[in-house]
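A.B. asks: Please find one structure pasted underneath; my questions will follow.
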Amino acid sequence: MNHNLPTYWRAGSWLLALLLFSPVIALVLEALAPAGELFDHLWDTVLTTYIVNSVLLILGVGGLGAVLAIPAAWVMANARIPARDQLQWLLVLPLAMPSYVIAYIYTDLLEFAGPVQRFLRALTGWTSAADYSFPEIRSLGGAIIVLALVLYPYLYLLARTAFLEQSKSQTLASRLLGCSPLHSFFRVTLPMARPAIITGLALMGMEALGDFATVSYFSVPTLTTAVYDTWLGYGSLNAAAKISAMMLLVVMLLISMEKYSRRKQQLYQKNTGQEQRELIELSGWSKWLAIGWCWMLVILGFLLPSLVLVEYLIAYFDESWSSALFEYGINSLVVSGSAAAIACFIALFLGVYQRLQRTSFSRIPARLASTGYALPGNVLAIGVLIPLTLSDNLLNELLIHWHQSPIGLIFSGSAITLVFAYVVRFSAVAVGSVESSLGRVSPSLDMASRTLGCSPQEMVKRVHLPLIRKGMLAGLLLVFIEGMKELPATLLLRPFNFETLATRVFQYVSDEQLEYAAPAALVLVLVGLVPLIMLNRSLERQEQQ
Amino acid sequence: MSALNITELACAYDRSARKSSATADHLVLSGVNLAIEDGEIVCLLGRSGCGKSTLLKAIAGLIQPVSGTIELHGREVSSAARVMPPEQRGIGMIFQDYALFPHLTVFDNISFGLKGAFGQNKQTSEQVRQRVQDMLQLVNLYGLDQRYPHELSGGQQQRVAIARALANEPSILLLDEPFSNIDSQVRQHLVREIRDILKQQKVAGLFVTHSREEGFAFADTIAVMGQGRIMQQGTAFDIYHSPDNRFIADFMGAGNVLPATIEDEFHVSTPLGVVASTQPLSVEKAGTSLELFIRPQMVALSAVDKSEGSLTQASTDTFPQATITRQQFMGKSIRSEIHLDCCQGSYQLVAEHANPVAGNANVQLNIIPHDLVLFDADGLNARQKEEPHHDAQT
């Protein structure tokens with residue numbers, strides 16, 4: 001049923017959508033512009049290394065992530081082990097850990113002066129680095145390990161769900177057709193989970209590609225660091241845009257991979273839901289291997305780093321607890337809070353448009369507004385810079401033209417940039433949240449309220465809004481949290497001397513002084529835990545059904 | 001030799017019960033005896049929760065029995081001491097949700113059990129191809145070998161599942177509610193067709209269902225399951241017409257129950273009057289109060305001409321008159337609910353008959369003489385059996 005929304009609503013939807021999509025357009029246009037000297041120079045010299053490093057990073061994180069996550073996912077879906085209920089959510093927690101914090105902590109533990117190597121030297125009597133070889137953590141390999149440790153939960157969650165949704169009868173069928181349990185896993189269980197696994201790998205790949213903090217800390221040059229160097233170091237928007245566009249291509253490749261497998265997944269998973277799950281009883285060494293594997297992930301990815309942070313907090317409390325901390329905290333709050341509110345408003349606007357205006361094009365605005373989520377933070381930052389700088393210049397020229405004094409860079413030079421960037425990047429979360437709660441509102445309610453005399457706006461206010469309030473709140477919270485944690489775009493776009501909690505923690509990491517930023521780091525971890533708790537709740541509810 | 005032989009099987013679901021000494025309360029199955037001959041199709045009929053699925057799992061090798069044994073072609077495959085893994089049993093299984101592998105084509109699904117590095121029966125790819133084609137021909141799906149399961153209808157998917165199981169030449173085929181997801185219009189046809197395939201391939205089958213009609217149509221003999229054991233095994237006709245206990249009688253179809261006492265070898269007296277039996281009754285039960293179980297189609301009705309109050313010539317006995325409270329046209333027959341007031345109280349009966357009786361009419365009831373079914377106070381069939389009834393109610 002088509003409800004005629006007023007013109008301002010329809011036009012507004014498209015305008016908002018285009019505004020949120022403008023960074024992508026700007027980026028593509030800028031990238032297509034003729035290459036400047038700097039880009040040619042980079043192309044001739046180091047860019048190949050950067051590309052190779054980025055690709056190796058994606059492949060390495062994916063490969064190691066698969067090795068870590070898939071066995072854990074299978075165990076959690078199928079086997080009965082002690083503390084299974086707790087492990088189920090503990091295994092997701094590493095997602096809350098900022099990768100640069102983990103990178104710092106493991107460097108501290110594993111470098112030459114760290115406790116592990118000191119212990120080795122004490123044990124063996126070696127005295128200098130020349131006496132033995134120990135893998136260098138500040139390397140591509142180190143970055144792969146660190147990123148895999150915090151990103152594997154994406155794959156774990158998807159694979160576990162896929163394993164859970166597989167019908168037991170398919171496994172039984174393969175056994176009766178002659179497969180041993182192990183053969184059955186490789187011939188049936190794993191291939192049937194393949195779409196979910198590829199989706200998980202694509203998500204991990206996108207995160208790994210967009211990572212700036214870890215590779216920068218480990219001094220591994222990748223496409224991400226190249227964007228920073230070209231813009232912050234050389235001030236070349238053109239070169240930065242070109243490199244960003246390259247990353248965009250990789251992202252598109254990963255997304256199409258993800259989309260393709262999601263489609264297949266629907267065909268693969270149609271559990272009738274009639275059977276109850278029976279957990280496998282592991283025994284002997286396999287039981288201990290399963291327990292050890294899952295706990296290793298939780299300890300390395302979350303518990304150990306958290307403990308170290310708490311230890312820093314206690315040991316350096318007086319030095320680190322300062323009023324500056326509150327200032328950064330308030331900066332983070334204000335910027336993320338406003339972005340969350342705006343994103344939610346946009347989500348509601350576009351969601352209602354899409355629901356009430358049933359034309360073939362009405363789905364487009366919400367999709368356009370969601371593209372930002374797929375962009376790596378630094379790519380998006382470059383994309384945001386282009387239109388904002390342009391409007392600043394335009395505005396100042398106009399003012400001069402009208403014989404007024406120019407007001408400077410009010411868009412690109414202020415925290416407004418950050419808010420805009422966060423809205424572009426995270427609106428998708430709010431849009432998704434609103435869309436799914438609107439989707440649960442039965443269409444017959446629309447017909448009922450319209451036949452009872454509501455105008456479309458009245459219906460939205462009296463029927464839809466009360467019903468989707470929870471979804472909107474969730475969207476608000478999620479955008480807020482994403483904003484609090486955001487680092488790569490913030491580093492590129494923040495005004496001079498403007499620090500958020502995330503940039504502060506990263507600054508201290510870069511300065512080898514994380515000890516002094518322990519409170520801020522812990523706040524980031526705790527904030528990051530909130531969406532995981534929400535996610536876990538909804539998963540549990542799903543399982544109970 | 002029996003394709004399947006189950007002796008005194010007991011299974012428990014609870015883990016602790018399986019490990020320690022299991023009490024009877026924990027047992028899902030107890031004292032199950034079942035034999036299936038080569039090429040025979042047996043239907044395991046029972047309500048949900050009666051232990052059918054557990055029995056199938058035990059036969060497939062997914063559950064270890066608490067006691068008792070399962071033999072396949074004389075080879076013991078399950079006992080409390082040892083359970084042979086499913087892949088070594090040579091069993092085929094058809095599932096309610098078909099359980100086709102969604103990532104494989106029809107061809108790869110059917111050849112799943114023929115391929116791979118699994119020991120002795122390695123075949124050349126030409127042999128595999130030939131076998132798959134034969135199977136497709138058999139289940140009438142020739143030419144669909146490159147399709148994926150999701151491109152097939154429910155009935156087609158079930159045929160692929162049959163082909164996949166049969167390609168492996170199983171010694172017995174287990175069918176777990178295979179028709180419950182099939183449209184009712186095609187179901188009957190598919191039931192007949194798959195029965196013909198099994199008969200043609202001379203495969204023994206154990207068919208599990210809760211639907212009487214499917215069981216009647218598909219199986220040679222029926223085993224009625226209830227309360228974790230097999231209550232009666234025999235042909236559908238025998239079980240329907242001489243059920244061992246009230247539970248089975250009700251499960252096989254609706255019936256009327258009247259208090260009755262045995263008069264002599266061929267007569268019982270009921271509130272309706274004396275009813276005749278075509279088979280001798282167990283006279284030693286004479287005098288005890290029993291229950292007479294009468295199928296609706298054995299109750300004949302005839303209209304009473306009120307004005308004359310005389311009887312039509314069909315019913316010369318002294319059955320009392322009754323009133324029809326409701327009539328329902330069922331297609332093949334007409335179902336009438338009858339209210340009857342007579343000497344010892346009021347009774348509600350159900351009759352099924354071919355020809356309509358004028359609505360709301362007073363009718364004359366007549367029980368057609370047949371092999372009467374009588375139950376004693378424990379709900380057991382009061383008929384004298386050739387062999388003693390050893391699995392009596394507990």
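Just so we're on the same page: first chain in the structure tokens is A, next is B, and so on; residues restart at 1 for each chain, and ligands are numbered from 1 in the order they show up.
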Provide as a PDB file with N, CA, C and O atoms, in the first residue's frame the residues of chain B at most 8 Å from chain A, counting only C-alpha atoms.
C.D. replies:
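File produced: iface37.pdb:
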ATOM      1  N   ALA B  60      20.602 -46.744  13.707  1.00  0.00           N
ATOM      2  CA  ALA B  60      21.623 -46.072  12.901  1.00  0.00           C
ATOM      3  C   ALA B  60      22.974 -46.047  13.606  1.00  0.00           C
ATOM      4  O   ALA B  60      23.993 -45.787  12.982  1.00  0.00           O
ATOM      5  N   PRO B  86      28.122 -45.518  12.571  1.00  0.00           N
ATOM      6  CA  PRO B  86      27.111 -45.523  11.505  1.00  0.00           C
ATOM      7  C   PRO B  86      27.686 -45.865  10.138  1.00  0.00           C
ATOM      8  O   PRO B  86      27.055 -46.585   9.371  1.00  0.00           O
ATOM      9  N   GLU B  87      28.898 -45.346   9.848  1.00  0.00           N
ATOM     10  CA  GLU B  87      29.406 -45.490   8.488  1.00  0.00           C
ATOM     11  C   GLU B  87      29.758 -46.930   8.129  1.00  0.00           C
ATOM     12  O   GLU B  87      29.977 -47.250   6.977  1.00  0.00           O
ATOM     13  N   GLN B  88      29.836 -47.810   9.137  1.00  0.00           N
ATOM     14  CA  GLN B  88      30.195 -49.198   8.831  1.00  0.00           C
ATOM     15  C   GLN B  88      28.981 -50.108   8.775  1.00  0.00           C
ATOM     16  O   GLN B  88      29.116 -51.311   8.589  1.00  0.00           O
ATOM     17  N   ARG B  89      27.778 -49.551   8.930  1.00  0.00           N
ATOM     18  CA  ARG B  89      26.611 -50.413   9.082  1.00  0.00           C
ATOM     19  C   ARG B  89      25.922 -50.790   7.785  1.00  0.00           C
ATOM     20  O   ARG B  89      25.164 -51.739   7.742  1.00  0.00           O
ATOM     21  N   GLY B  90      26.160 -49.996   6.728  1.00  0.00           N
ATOM     22  CA  GLY B  90      25.475 -50.292   5.481  1.00  0.00           C
ATOM     23  C   GLY B  90      23.974 -50.077   5.565  1.00  0.00           C
ATOM     24  O   GLY B  90      23.179 -50.856   5.049  1.00  0.00           O
ATOM     25  N   ILE B  91      23.599 -49.004   6.237  1.00  0.00           N
ATOM     26  CA  ILE B  91      22.183 -48.660   6.373  1.00  0.00           C
ATOM     27  C   ILE B  91      21.903 -47.457   5.485  1.00  0.00           C
ATOM     28  O   ILE B  91      22.728 -46.565   5.361  1.00  0.00           O
ATOM     29  N   GLY B  92      20.731 -47.437   4.855  1.00  0.00           N
ATOM     30  CA  GLY B  92      20.323 -46.232   4.147  1.00  0.00           C
ATOM     31  C   GLY B  92      19.278 -45.526   4.982  1.00  0.00           C
ATOM     32  O   GLY B  92      18.530 -46.175   5.707  1.00  0.00           O
ATOM     33  N   MET B  93      19.236 -44.191   4.880  1.00  0.00           N
ATOM     34  CA  MET B  93      18.223 -43.504   5.678  1.00  0.00           C
ATOM     35  C   MET B  93      17.606 -42.365   4.884  1.00  0.00           C
ATOM     36  O   MET B  93      18.290 -41.624   4.182  1.00  0.00           O
ATOM     37  N   PHE B  95      15.191 -38.967   5.309  1.00  0.00           N
ATOM     38  CA  PHE B  95      14.836 -38.061   6.396  1.00  0.00           C
ATOM     39  C   PHE B  95      13.617 -37.231   6.053  1.00  0.00           C
ATOM     40  O   PHE B  95      13.308 -36.995   4.896  1.00  0.00           O
ATOM     41  N   ASP B  97      13.404 -34.033   6.437  1.00  0.00           N
ATOM     42  CA  ASP B  97      13.810 -32.826   5.700  1.00  0.00           C
ATOM     43  C   ASP B  97      14.704 -33.178   4.511  1.00  0.00           C
ATOM     44  O   ASP B  97      15.438 -32.348   4.026  1.00  0.00           O
ATOM     45  N   ALA B  99      17.478 -33.996   3.893  1.00  0.00           N
ATOM     46  CA  ALA B  99      18.899 -33.985   4.228  1.00  0.00           C
ATOM     47  C   ALA B  99      19.784 -34.110   2.998  1.00  0.00           C
ATOM     48  O   ALA B  99      20.828 -34.743   3.034  1.00  0.00           O
ATOM     49  N   LEU B 100      19.365 -33.506   1.884  1.00  0.00           N
ATOM     50  CA  LEU B 100      20.256 -33.464   0.722  1.00  0.00           C
ATOM     51  C   LEU B 100      21.365 -32.457   1.021  1.00  0.00           C
ATOM     52  O   LEU B 100      21.172 -31.520   1.775  1.00  0.00           O
ATOM     53  N   PHE B 101      22.524 -32.680   0.408  1.00  0.00           N
ATOM     54  CA  PHE B 101      23.627 -31.745   0.620  1.00  0.00           C
ATOM     55  C   PHE B 101      23.437 -30.556  -0.311  1.00  0.00           C
ATOM     56  O   PHE B 101      23.514 -30.702  -1.526  1.00  0.00           O
ATOM     57  N   PRO B 102      23.191 -29.369   0.244  1.00  0.00           N
ATOM     58  CA  PRO B 102      22.815 -28.233  -0.603  1.00  0.00           C
ATOM     59  C   PRO B 102      23.952 -27.740  -1.486  1.00  0.00           C
ATOM     60  O   PRO B 102      23.707 -27.079  -2.487  1.00  0.00           O
ATOM     61  N   HIS B 103      25.186 -28.101  -1.116  1.00  0.00           N
ATOM     62  CA  HIS B 103      26.317 -27.597  -1.905  1.00  0.00           C
ATOM     63  C   HIS B 103      26.675 -28.535  -3.042  1.00  0.00           C
ATOM     64  O   HIS B 103      27.627 -28.284  -3.766  1.00  0.00           O
ATOM     65  N   PHE B 112      27.504 -39.570  -3.643  1.00  0.00           N
ATOM     66  CA  PHE B 112      28.257 -39.236  -2.421  1.00  0.00           C
ATOM     67  C   PHE B 112      28.846 -40.473  -1.755  1.00  0.00           C
ATOM     68  O   PHE B 112      30.016 -40.512  -1.390  1.00  0.00           O
ATOM     69  N   GLY B 113      28.038 -41.490  -1.597  1.00  0.00           N
ATOM     70  CA  GLY B 113      28.503 -42.679  -0.888  1.00  0.00           C
ATOM     71  C   GLY B 113      29.359 -43.592  -1.745  1.00  0.00           C
ATOM     72  O   GLY B 113      29.987 -44.520  -1.233  1.00  0.00           O
ATOM     73  N   PHE B 118      37.311 -44.385   0.618  1.00  0.00           N
ATOM     74  CA  PHE B 118      36.788 -45.148   1.740  1.00  0.00           C
ATOM     75  C   PHE B 118      36.865 -46.639   1.457  1.00  0.00           C
ATOM     76  O   PHE B 118      35.857 -47.314   1.355  1.00  0.00           O
ATOM     77  N   HIS B 150      17.997 -27.137  -4.246  1.00  0.00           N
ATOM     78  CA  HIS B 150      17.015 -26.061  -4.085  1.00  0.00           C
ATOM     79  C   HIS B 150      16.253 -25.776  -5.370  1.00  0.00           C
ATOM     80  O   HIS B 150      15.298 -25.002  -5.363  1.00  0.00           O
ATOM     81  N   ALA B 165      20.284 -42.979  -1.173  1.00  0.00           N
ATOM     82  CA  ALA B 165      20.393 -44.073  -0.210  1.00  0.00           C
ATOM     83  C   ALA B 165      20.526 -45.413  -0.924  1.00  0.00           C
ATOM     84  O   ALA B 165      21.339 -46.255  -0.539  1.00  0.00           O
ATOM     85  N   ASN B 168      23.877 -46.812  -2.657  1.00  0.00           N
ATOM     86  CA  ASN B 168      24.872 -47.451  -1.802  1.00  0.00           C
ATOM     87  C   ASN B 168      24.556 -48.911  -1.510  1.00  0.00           C
ATOM     88  O   ASN B 168      25.274 -49.552  -0.768  1.00  0.00           O
TER      89      ASN B 168
END
A.B. asks: I'd like the neighbourhood of A:Arg160 as number ranges by chain, where a residue qualifies if any of its atoms comes within 8 Å (using only C-alpha atoms), though same-chain residues fewer than 2 positions away should be ignored.
C.D. replies: A: 70, 73-74, 76-77, 156-158, 162-164
A.B. asks: May I have the residues from that selection written out with all heavy atoms, as an mmCIF file, in the first residue's frame?
C.D. replies:
data_model
loop_
_atom_site.group_PDB
_atom_site.id
_atom_site.type_symbol
_atom_site.label_atom_id
_atom_site.label_comp_id
_atom_site.auth_asym_id
_atom_site.auth_seq_id
_atom_site.Cartn_x
_atom_site.Cartn_y
_atom_site.Cartn_z
ATOM 1 N N ILE A 70 37.479 -21.211 13.213
ATOM 2 C CA ILE A 70 36.599 -22.301 12.771
ATOM 3 C C ILE A 70 36.569 -23.463 13.767
ATOM 4 O O ILE A 70 35.492 -23.939 14.120
ATOM 5 C CB ILE A 70 36.971 -22.753 11.342
ATOM 6 C CG1 ILE A 70 36.663 -21.613 10.377
ATOM 7 C CG2 ILE A 70 36.183 -23.990 10.942
ATOM 8 C CD1 ILE A 70 37.095 -21.854 8.967
ATOM 9 N N ALA A 73 34.514 -22.336 16.654
ATOM 10 C CA ALA A 73 33.092 -22.255 16.308
ATOM 11 C C ALA A 73 32.461 -23.645 16.296
ATOM 12 O O ALA A 73 31.357 -23.846 16.795
ATOM 13 C CB ALA A 73 32.919 -21.590 14.944
ATOM 14 N N TRP A 74 33.185 -24.613 15.745
ATOM 15 C CA TRP A 74 32.634 -25.973 15.676
ATOM 16 C C TRP A 74 32.450 -26.543 17.079
ATOM 17 O O TRP A 74 31.400 -27.112 17.401
ATOM 18 C CB TRP A 74 33.540 -26.892 14.855
ATOM 19 C CG TRP A 74 32.905 -28.237 14.655
ATOM 20 C CD1 TRP A 74 32.053 -28.581 13.651
ATOM 21 C CD2 TRP A 74 33.023 -29.381 15.500
ATOM 22 N NE1 TRP A 74 31.629 -29.864 13.832
ATOM 23 C CE2 TRP A 74 32.200 -30.391 14.947
ATOM 24 C CE3 TRP A 74 33.720 -29.648 16.674
ATOM 25 C CZ2 TRP A 74 32.077 -31.644 15.528
ATOM 26 C CZ3 TRP A 74 33.604 -30.900 17.249
ATOM 27 C CH2 TRP A 74 32.791 -31.884 16.674
ATOM 28 N N MET A 76 32.045 -24.931 19.883
ATOM 29 C CA MET A 76 30.967 -24.276 20.618
ATOM 30 C C MET A 76 29.598 -24.683 20.086
ATOM 31 O O MET A 76 28.608 -24.676 20.816
ATOM 32 C CB MET A 76 31.107 -22.749 20.542
ATOM 33 C CG MET A 76 32.326 -22.185 21.222
ATOM 34 S SD MET A 76 32.686 -22.900 22.825
ATOM 35 C CE MET A 76 31.302 -22.310 23.741
ATOM 36 N N ALA A 77 29.529 -25.019 18.805
ATOM 37 C CA ALA A 77 28.230 -25.402 18.241
ATOM 38 C C ALA A 77 27.886 -26.857 18.541
ATOM 39 O O ALA A 77 26.718 -27.206 18.633
ATOM 40 C CB ALA A 77 28.223 -25.166 16.730
ATOM 41 N N TYR A 156 34.129 -16.287 13.861
ATOM 42 C CA TYR A 156 33.638 -17.223 14.873
ATOM 43 C C TYR A 156 32.118 -17.165 14.962
ATOM 44 O O TYR A 156 31.437 -18.193 14.930
ATOM 45 C CB TYR A 156 34.278 -16.895 16.224
ATOM 46 C CG TYR A 156 33.510 -17.431 17.411
ATOM 47 C CD1 TYR A 156 33.552 -18.779 17.724
ATOM 48 C CD2 TYR A 156 32.733 -16.589 18.199
ATOM 49 C CE1 TYR A 156 32.819 -19.279 18.799
ATOM 50 C CE2 TYR A 156 32.009 -17.073 19.264
ATOM 51 C CZ TYR A 156 32.058 -18.413 19.566
ATOM 52 O OH TYR A 156 31.330 -18.903 20.604
ATOM 53 N N LEU A 157 31.585 -15.936 15.030
ATOM 54 C CA LEU A 157 30.137 -15.776 15.182
ATOM 55 C C LEU A 157 29.388 -16.353 13.989
ATOM 56 O O LEU A 157 28.416 -17.093 14.139
ATOM 57 C CB LEU A 157 29.790 -14.289 15.320
ATOM 58 C CG LEU A 157 29.951 -13.698 16.709
ATOM 59 C CD1 LEU A 157 29.783 -12.196 16.657
ATOM 60 C CD2 LEU A 157 28.923 -14.306 17.652
ATOM 61 N N LEU A 158 29.866 -15.997 12.790
ATOM 62 C CA LEU A 158 29.148 -16.442 11.593
ATOM 63 C C LEU A 158 29.252 -17.953 11.408
ATOM 64 O O LEU A 158 28.270 -18.620 11.087
ATOM 65 C CB LEU A 158 29.690 -15.714 10.361
ATOM 66 C CG LEU A 158 29.219 -14.270 10.279
ATOM 67 C CD1 LEU A 158 30.138 -13.439 9.412
ATOM 68 C CD2 LEU A 158 27.804 -14.237 9.719
ATOM 69 N N ALA A 162 26.324 -20.794 11.505
ATOM 70 C CA ALA A 162 26.144 -21.703 10.368
ATOM 71 C C ALA A 162 26.157 -23.154 10.847
ATOM 72 O O ALA A 162 25.320 -23.957 10.442
ATOM 73 C CB ALA A 162 27.239 -21.478 9.335
ATOM 74 N N PHE A 163 27.095 -23.496 11.723
ATOM 75 C CA PHE A 163 27.152 -24.871 12.232
ATOM 76 C C PHE A 163 25.880 -25.198 13.010
ATOM 77 O O PHE A 163 25.327 -26.289 12.901
ATOM 78 C CB PHE A 163 28.366 -25.067 13.144
ATOM 79 C CG PHE A 163 29.679 -25.064 12.406
ATOM 80 C CD1 PHE A 163 30.820 -24.523 12.980
ATOM 81 C CD2 PHE A 163 29.780 -25.604 11.143
ATOM 82 C CE1 PHE A 163 32.030 -24.513 12.301
ATOM 83 C CE2 PHE A 163 30.980 -25.612 10.452
ATOM 84 C CZ PHE A 163 32.100 -25.060 11.039
ATOM 85 N N LEU A 164 25.413 -24.232 13.801
ATOM 86 C CA LEU A 164 24.215 -24.473 14.610
ATOM 87 C C LEU A 164 22.996 -24.708 13.729
ATOM 88 O O LEU A 164 22.118 -25.479 14.063
ATOM 89 C CB LEU A 164 23.943 -23.266 15.518
ATOM 90 C CG LEU A 164 24.709 -23.203 16.830
ATOM 91 C CD1 LEU A 164 24.409 -21.905 17.545
ATOM 92 C CD2 LEU A 164 24.351 -24.373 17.714
#
A.B. asks: Skipping near chain neighbours, those fewer than 2 positions away, what residues fall within 12 Å of A:Ala26 using only C-alpha atoms, listed as a PyMOL selection string?
C.D. replies: chain A and resi 18-24+28-33+237-238+241-242+244-245+379-390
A.B. asks: Mind listing the strand (DSSP E or B) residues of stretch 65-301 of chain A, per DSSP on the backbone, as a count of residues only?
C.D. replies: 4
A.B. asks: Please identify all polymer residues within 8 Å of B:Ile294, counting only C-alpha atoms, omitting same-chain residues fewer than 6 positions from it, and present them as a list in words.
C.D. replies: Gly255, Asn256, Val257, Leu372 and Val373 of chain B
A.B. asks: Kindly save the residues from that selection, with N, CA and C atoms included, as a compact mmCIF listing (two decimals), in the first residue's frame.
C.D. replies:
# COMPACT_ATOMS: atom_id res chain seq x y z
N GLY B 255 -13.83 -45.55 17.82
CA GLY B 255 -14.71 -46.69 18.07
C GLY B 255 -15.68 -46.36 19.18
N ASN B 256 -16.71 -47.18 19.28
CA ASN B 256 -17.69 -47.03 20.35
C ASN B 256 -17.38 -48.04 21.44
N VAL B 257 -17.54 -47.62 22.67
CA VAL B 257 -17.28 -48.52 23.78
C VAL B 257 -18.56 -48.71 24.59
N LEU B 372 -15.93 -59.91 17.42
CA LEU B 372 -16.05 -58.86 18.44
C LEU B 372 -14.73 -58.62 19.18
N VAL B 373 -14.51 -57.36 19.55
CA VAL B 373 -13.32 -56.99 20.31
C VAL B 373 -13.74 -56.61 21.72
A.B. asks: At what distance in Å, to one decimal, does atom CA of B:Gln158 lie from atom CA of B:Gln127?
C.D. replies: 23.7 Å
A.B. asks: Any idea what's packed within 12 Å of B:Glu284, counting only C-alpha atoms, ignoring anything in its chain fewer than 3 positions away? Could you give it as a ChimeraX atom specification?
C.D. replies: /B:261-265,280-281,287-288,382-384
A.B. asks: Just to be explicit: take each residue in the selection above, keep N, CA and C atoms, and write the result as a compact mmCIF listing (two decimals), in the first residue's frame.
C.D. replies:
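File out.txt, as written:
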# COMPACT_ATOMS: atom_id res chain seq x y z
N THR B 261 -20.98 -58.13 28.92
CA THR B 261 -20.61 -59.39 29.56
C THR B 261 -20.86 -60.52 28.58
N ILE B 262 -20.00 -61.55 28.70
CA ILE B 262 -20.11 -62.66 27.75
C ILE B 262 -21.25 -63.58 28.20
N GLU B 263 -22.12 -63.86 27.27
CA GLU B 263 -23.25 -64.75 27.54
C GLU B 263 -22.88 -66.20 27.27
N ASP B 264 -22.47 -66.42 26.03
CA ASP B 264 -21.99 -67.76 25.65
C ASP B 264 -20.89 -67.58 24.61
N GLU B 265 -20.49 -68.63 23.93
CA GLU B 265 -19.34 -68.60 23.03
C GLU B 265 -19.50 -67.57 21.90
N PRO B 280 -15.52 -67.47 18.01
CA PRO B 280 -15.78 -67.87 19.39
C PRO B 280 -15.12 -66.92 20.39
N LEU B 281 -15.77 -66.67 21.49
CA LEU B 281 -15.24 -65.80 22.54
C LEU B 281 -14.66 -66.65 23.66
N GLY B 287 -19.13 -63.53 32.74
CA GLY B 287 -19.49 -63.05 34.07
C GLY B 287 -18.73 -61.81 34.48
N THR B 288 -17.43 -61.69 34.06
CA THR B 288 -16.69 -60.47 34.40
C THR B 288 -17.17 -59.33 33.52
N ALA B 382 -9.59 -59.32 25.61
CA ALA B 382 -10.04 -60.47 26.40
C ALA B 382 -10.07 -61.76 25.59
N ARG B 383 -9.66 -61.67 24.33
CA ARG B 383 -9.65 -62.87 23.49
C ARG B 383 -8.62 -63.87 24.01
N GLN B 384 -9.00 -65.13 23.90
CA GLN B 384 -8.02 -66.15 24.28
C GLN B 384 -6.98 -66.24 23.19
